[in-house]
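J.: Below: one structure in structure tokens.
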Protein chains: 2
Amino acid sequence: MNLKEKIRVIPDFPEPGIRFKDITTLLQDGQAFRYAIDRLAQYAKERNADLIAGPEARGFVLAAPLAYSMGAGFVPVRKAGKLPGETVTVSYDLEYGKDKLEIHRDAIKPGQRVVLADDLLATGGTIGSTIKLVEELGGVVAGVAFMIELTYLNGREILKDYDVFSLVQY
Amino acid sequence: MNLKEKIRVIPDFPEPGIRFKDITTLLQDGQAFRYAIDRLAQYAKERNADLIAGPEARGFVLAAPLAYSMGAGFVPVRKAGKLPGETVTVSYDLEYGKDKLEIHRDAIKPGQRVVLADDLLATGGTIGSTIKLVEELGGVVAGVAFMIELTYLNGREILKDYDVFSLVQY
């Protein structure tokens, strides 16, 4: 199946000049969604993942079914203030200002192998912050999986110490 | 499996006096997560769902694996400004002020049977707004499924015209 044909490109979103890759057309196609998750799950199995973690909100859409498919646990990484238990926090720079991501302190046991999943690898800022959280808890980042990779933004450079997999490249 | 044993109760979150039902302990347990999704999927199959829709962000954690499990499509319902295509919007009241939810106009074809999934049925405000969006597109709300139902808040009253299913009740 050619997944790229299922992804819609929307010009000038969220800003003029950006050609947004909209995966909702893929998600709402049951066959394409299943095929995409199965391929991500195959990767995560090869990496011997104990847990799948994903950043809110679009990361949840891939990481949760991926975890389900493998029978692995799912760990949500959330914006500050959303997780009710004790957390560890990382700050990261946005174009204007800063944002924070959090993970529950008891979400990962030291030595557990964690595959991270998100919809899009652009510059790698969000996933780099997610890696920091997993490693602060002693988790092993066994791999990083994306639906889409924007190769011209060279996000793999930030992730050069990790195993990276993507389903569709632009 | 007793799912209630997998759910952690956190006192005074997000405000004093509230006993927050934290499902992250269930999600990170691979066996419990799979069992919960399988039971929700059994319900959605009985309701002959073509699509599964869920509101951001916690609804994604259940609705996406549920859709995957059935081979159905997944439709995200998002906060205003997040979806890149043409949307329909509904406003709903919060304790202080208003919030908006959106769905892509082409996400559902008239007559398609949609099961909605979210983590928690409290007063039913979020899911009531999600129903409005699905019906505005001509979708048939075939059922509404929750991980947790707070029966003392009587959210079923708002949903009395719909088929409602929950895995765990408090």
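Residue numbers start at 1 in each chain; chains themselves are named A, B, ... in the order of the structure tokens; ligands are numbered from 1 in the order shown.
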Apply DSSP to the backbone of this structure and, from chain B, keep only the residues in strand (DSSP E or B); write these as a compact mmCIF listing (two decimals) with N, CA, C and O atoms, in the first residue's frame.
T.:
# COMPACT_ATOMS: atom_id res chain seq x y z
N ARG B 8 -5.51 4.15 39.29
CA ARG B 8 -5.00 4.79 40.50
C ARG B 8 -5.88 6.00 40.82
O ARG B 8 -6.25 6.76 39.92
N VAL B 9 -6.23 6.16 42.09
CA VAL B 9 -7.01 7.33 42.50
C VAL B 9 -6.07 8.34 43.17
O VAL B 9 -5.35 7.99 44.10
N ILE B 10 -6.06 9.56 42.64
CA ILE B 10 -5.17 10.61 43.15
C ILE B 10 -6.00 11.71 43.78
O ILE B 10 -6.80 12.36 43.09
N PRO B 11 -5.85 11.90 45.11
CA PRO B 11 -6.69 12.90 45.79
C PRO B 11 -6.27 14.33 45.42
O PRO B 11 -5.11 14.59 45.11
N ARG B 19 -11.23 13.48 43.62
CA ARG B 19 -10.43 12.24 43.62
C ARG B 19 -10.28 11.79 42.17
O ARG B 19 -11.16 11.16 41.62
N PHE B 20 -9.16 12.14 41.57
CA PHE B 20 -8.93 11.94 40.15
C PHE B 20 -8.67 10.46 39.85
O PHE B 20 -7.85 9.83 40.50
N LYS B 21 -9.39 9.93 38.86
CA LYS B 21 -9.19 8.55 38.44
C LYS B 21 -8.12 8.54 37.35
O LYS B 21 -8.37 8.98 36.22
N ASP B 22 -6.95 8.05 37.69
CA ASP B 22 -5.79 8.09 36.80
C ASP B 22 -5.64 6.75 36.09
O ASP B 22 -5.29 5.74 36.69
N LEU B 51 -16.81 3.69 11.88
CA LEU B 51 -15.75 4.60 12.31
C LEU B 51 -15.77 4.73 13.83
O LEU B 51 -16.82 4.61 14.46
N ILE B 52 -14.58 5.03 14.40
CA ILE B 52 -14.48 5.36 15.82
C ILE B 52 -13.98 6.80 15.93
O ILE B 52 -12.96 7.15 15.32
N ALA B 53 -14.69 7.63 16.68
CA ALA B 53 -14.27 9.02 16.88
C ALA B 53 -13.98 9.24 18.35
O ALA B 53 -14.62 8.66 19.23
N GLY B 54 -12.99 10.10 18.65
CA GLY B 54 -12.68 10.41 20.03
C GLY B 54 -12.16 11.83 20.16
O GLY B 54 -11.49 12.33 19.25
N PRO B 55 -12.48 12.49 21.29
CA PRO B 55 -12.00 13.86 21.51
C PRO B 55 -10.57 13.88 22.06
O PRO B 55 -10.19 13.02 22.86
N GLY B 73 -11.89 3.02 10.61
CA GLY B 73 -11.17 4.28 10.57
C GLY B 73 -11.30 5.01 11.89
O GLY B 73 -12.24 4.80 12.66
N PHE B 74 -10.32 5.89 12.16
CA PHE B 74 -10.32 6.72 13.37
C PHE B 74 -10.50 8.18 12.98
O PHE B 74 -9.81 8.68 12.08
N VAL B 75 -11.41 8.85 13.67
CA VAL B 75 -11.68 10.27 13.39
C VAL B 75 -11.36 11.10 14.63
O VAL B 75 -12.02 10.94 15.67
N PRO B 76 -10.35 11.98 14.56
CA PRO B 76 -10.03 12.82 15.71
C PRO B 76 -10.97 14.03 15.81
O PRO B 76 -11.28 14.66 14.80
N VAL B 77 -11.40 14.30 17.05
CA VAL B 77 -12.15 15.53 17.35
C VAL B 77 -11.21 16.39 18.18
O VAL B 77 -10.69 15.94 19.21
N ARG B 78 -10.94 17.63 17.71
CA ARG B 78 -9.85 18.41 18.29
C ARG B 78 -10.29 19.77 18.79
O ARG B 78 -11.34 20.28 18.41
N LYS B 79 -9.46 20.35 19.65
CA LYS B 79 -9.64 21.73 20.06
C LYS B 79 -9.52 22.65 18.84
O LYS B 79 -8.88 22.29 17.85
N THR B 87 -13.46 22.56 8.61
CA THR B 87 -14.04 21.94 9.81
C THR B 87 -15.45 22.44 10.07
O THR B 87 -15.88 23.47 9.55
N VAL B 88 -16.18 21.69 10.92
CA VAL B 88 -17.35 22.23 11.59
C VAL B 88 -16.99 22.32 13.08
O VAL B 88 -16.19 21.54 13.59
N THR B 89 -17.59 23.30 13.76
CA THR B 89 -17.18 23.67 15.11
C THR B 89 -18.38 23.68 16.03
O THR B 89 -19.48 24.04 15.63
N VAL B 90 -18.16 23.29 17.29
CA VAL B 90 -19.19 23.45 18.31
C VAL B 90 -18.55 24.10 19.53
O VAL B 90 -17.41 23.79 19.88
N SER B 91 -19.28 25.03 20.15
CA SER B 91 -18.81 25.66 21.39
C SER B 91 -19.48 24.99 22.57
O SER B 91 -20.63 24.57 22.49
N TYR B 92 -18.77 24.87 23.68
CA TYR B 92 -19.40 24.34 24.88
C TYR B 92 -18.90 25.08 26.10
O TYR B 92 -17.80 25.66 26.10
N ASP B 93 -19.72 25.07 27.15
CA ASP B 93 -19.41 25.83 28.36
C ASP B 93 -18.45 25.06 29.25
O ASP B 93 -18.60 23.86 29.47
N LYS B 98 -15.67 29.44 27.77
CA LYS B 98 -16.13 28.51 26.75
C LYS B 98 -14.94 27.83 26.08
O LYS B 98 -13.82 28.33 26.12
N ASP B 99 -15.20 26.71 25.46
CA ASP B 99 -14.18 26.06 24.67
C ASP B 99 -14.83 25.58 23.37
O ASP B 99 -16.06 25.57 23.25
N LYS B 100 -14.01 25.21 22.40
CA LYS B 100 -14.54 24.78 21.10
C LYS B 100 -13.94 23.45 20.69
O LYS B 100 -12.76 23.19 20.93
N LEU B 101 -14.75 22.62 20.06
CA LEU B 101 -14.27 21.37 19.46
C LEU B 101 -14.57 21.40 17.97
O LEU B 101 -15.57 21.98 17.54
N GLU B 102 -13.70 20.74 17.21
CA GLU B 102 -13.86 20.73 15.75
C GLU B 102 -13.69 19.33 15.18
O GLU B 102 -13.00 18.48 15.77
N ILE B 103 -14.28 19.13 14.02
CA ILE B 103 -14.12 17.88 13.27
C ILE B 103 -13.96 18.26 11.80
O ILE B 103 -14.50 19.29 11.35
N HIS B 104 -13.18 17.49 11.06
CA HIS B 104 -13.08 17.75 9.62
C HIS B 104 -14.41 17.47 8.94
O HIS B 104 -15.05 16.44 9.18
N ARG B 113 -21.98 4.75 10.47
CA ARG B 113 -22.21 4.47 11.89
C ARG B 113 -20.93 4.73 12.67
O ARG B 113 -19.89 4.16 12.39
N VAL B 114 -21.03 5.61 13.67
CA VAL B 114 -19.86 6.06 14.41
C VAL B 114 -20.03 5.70 15.89
O VAL B 114 -21.05 6.02 16.50
N VAL B 115 -19.04 5.01 16.45
CA VAL B 115 -18.98 4.83 17.90
C VAL B 115 -17.97 5.83 18.45
O VAL B 115 -16.87 5.98 17.91
N LEU B 116 -18.38 6.56 19.49
CA LEU B 116 -17.51 7.53 20.14
C LEU B 116 -16.85 6.89 21.35
O LEU B 116 -17.47 6.09 22.05
N ALA B 117 -15.58 7.24 21.59
CA ALA B 117 -14.88 6.69 22.74
C ALA B 117 -14.14 7.79 23.48
O ALA B 117 -13.55 8.69 22.87
N ASP B 118 -14.21 7.74 24.81
CA ASP B 118 -13.45 8.69 25.64
C ASP B 118 -13.09 7.98 26.94
O ASP B 118 -13.64 6.93 27.26
N ASP B 119 -12.17 8.58 27.70
CA ASP B 119 -11.73 7.90 28.92
C ASP B 119 -12.79 7.96 30.01
O ASP B 119 -12.97 7.01 30.75
N LEU B 120 -13.52 9.09 30.09
CA LEU B 120 -14.32 9.36 31.29
C LEU B 120 -15.68 9.96 30.94
O LEU B 120 -15.75 10.97 30.24
N LEU B 121 -16.75 9.35 31.47
CA LEU B 121 -18.06 10.01 31.44
C LEU B 121 -18.29 10.66 32.80
O LEU B 121 -18.47 9.98 33.81
N VAL B 140 -24.33 8.63 12.04
CA VAL B 140 -25.24 8.01 13.00
C VAL B 140 -24.41 7.63 14.23
O VAL B 140 -23.45 6.86 14.12
N VAL B 141 -24.77 8.18 15.40
CA VAL B 141 -24.05 7.83 16.62
C VAL B 141 -24.56 6.46 17.10
O VAL B 141 -25.62 6.35 17.72
N ALA B 142 -23.79 5.42 16.76
CA ALA B 142 -24.22 4.05 17.01
C ALA B 142 -23.99 3.62 18.44
O ALA B 142 -24.57 2.64 18.90
N GLY B 143 -23.16 4.37 19.17
CA GLY B 143 -22.88 4.03 20.55
C GLY B 143 -21.81 4.95 21.11
O GLY B 143 -21.11 5.64 20.36
N VAL B 144 -21.72 4.96 22.45
CA VAL B 144 -20.76 5.82 23.14
C VAL B 144 -20.10 4.96 24.21
O VAL B 144 -20.79 4.39 25.05
N ALA B 145 -18.75 4.87 24.15
CA ALA B 145 -18.03 3.94 25.03
C ALA B 145 -17.01 4.69 25.89
O ALA B 145 -16.29 5.55 25.38
N PHE B 146 -16.98 4.36 27.17
CA PHE B 146 -16.05 5.00 28.10
C PHE B 146 -15.26 3.95 28.87
O PHE B 146 -15.76 2.86 29.15
N MET B 147 -14.05 4.33 29.24
CA MET B 147 -13.31 3.50 30.19
C MET B 147 -13.96 3.60 31.56
O MET B 147 -14.17 2.58 32.22
N ILE B 148 -14.28 4.82 32.01
CA ILE B 148 -14.78 5.06 33.36
C ILE B 148 -16.07 5.87 33.31
O ILE B 148 -16.18 6.82 32.54
N GLU B 149 -17.02 5.49 34.16
CA GLU B 149 -18.25 6.27 34.30
C GLU B 149 -18.40 6.68 35.77
O GLU B 149 -18.36 5.84 36.67
N VAL B 164 -25.08 3.64 25.60
CA VAL B 164 -23.88 4.00 26.37
C VAL B 164 -23.30 2.74 27.02
O VAL B 164 -24.03 1.91 27.58
N PHE B 165 -21.99 2.62 26.96
CA PHE B 165 -21.27 1.49 27.54
C PHE B 165 -20.08 2.02 28.33
O PHE B 165 -19.38 2.92 27.87
N SER B 166 -19.85 1.48 29.52
CA SER B 166 -18.63 1.83 30.28
C SER B 166 -18.03 0.59 30.89
O SER B 166 -18.74 -0.36 31.24
N LEU B 167 -16.70 0.60 31.03
CA LEU B 167 -15.99 -0.57 31.55
C LEU B 167 -15.95 -0.59 33.07
O LEU B 167 -15.99 -1.65 33.67
N VAL B 168 -15.81 0.58 33.69
CA VAL B 168 -15.64 0.67 35.13
C VAL B 168 -16.53 1.80 35.65
O VAL B 168 -16.55 2.87 35.06
N GLN B 169 -17.23 1.52 36.75
CA GLN B 169 -18.12 2.54 37.32
C GLN B 169 -17.67 2.91 38.74
O GLN B 169 -17.22 2.06 39.50
J.: Could you list, as a VMD selection string, every residue of chain A that has an atom within 6 Å of an atom of chain B, counting only C-alpha atoms?
T.: chain A and resid 27 to 30 34 57 60 to 61 64 to 65 68 71 to 75
J.: Which residues are near Tyr152 of chain A? Cut-off 9 Å, only C-alpha atoms, ignore same chain within fewer than 2 positions. Put them as a ChimeraX atom specification.
T.: /A:122,149-150,154-155,170
J.: DSSP on the backbone, alpha helix (DSSP H) only: what residues of chain B does that give? Format it as a ChimeraX atom specification.
T.: /B:24-27,30-46,58-70,125-136
J.: In Å, with one decimal, what is the gap from atom CA of Gly124 of chain A to atom CA of Leu153 of chain A?
T.: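 Computing it gives 8.7 Å between the two atoms.
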J.: Between B:Tyr96, B:Gly128, B:Gly111, B:Glu135, which one has atoms that come closest to Leu159 of chain B, using only C-alpha atoms?
T.: B:Gly128
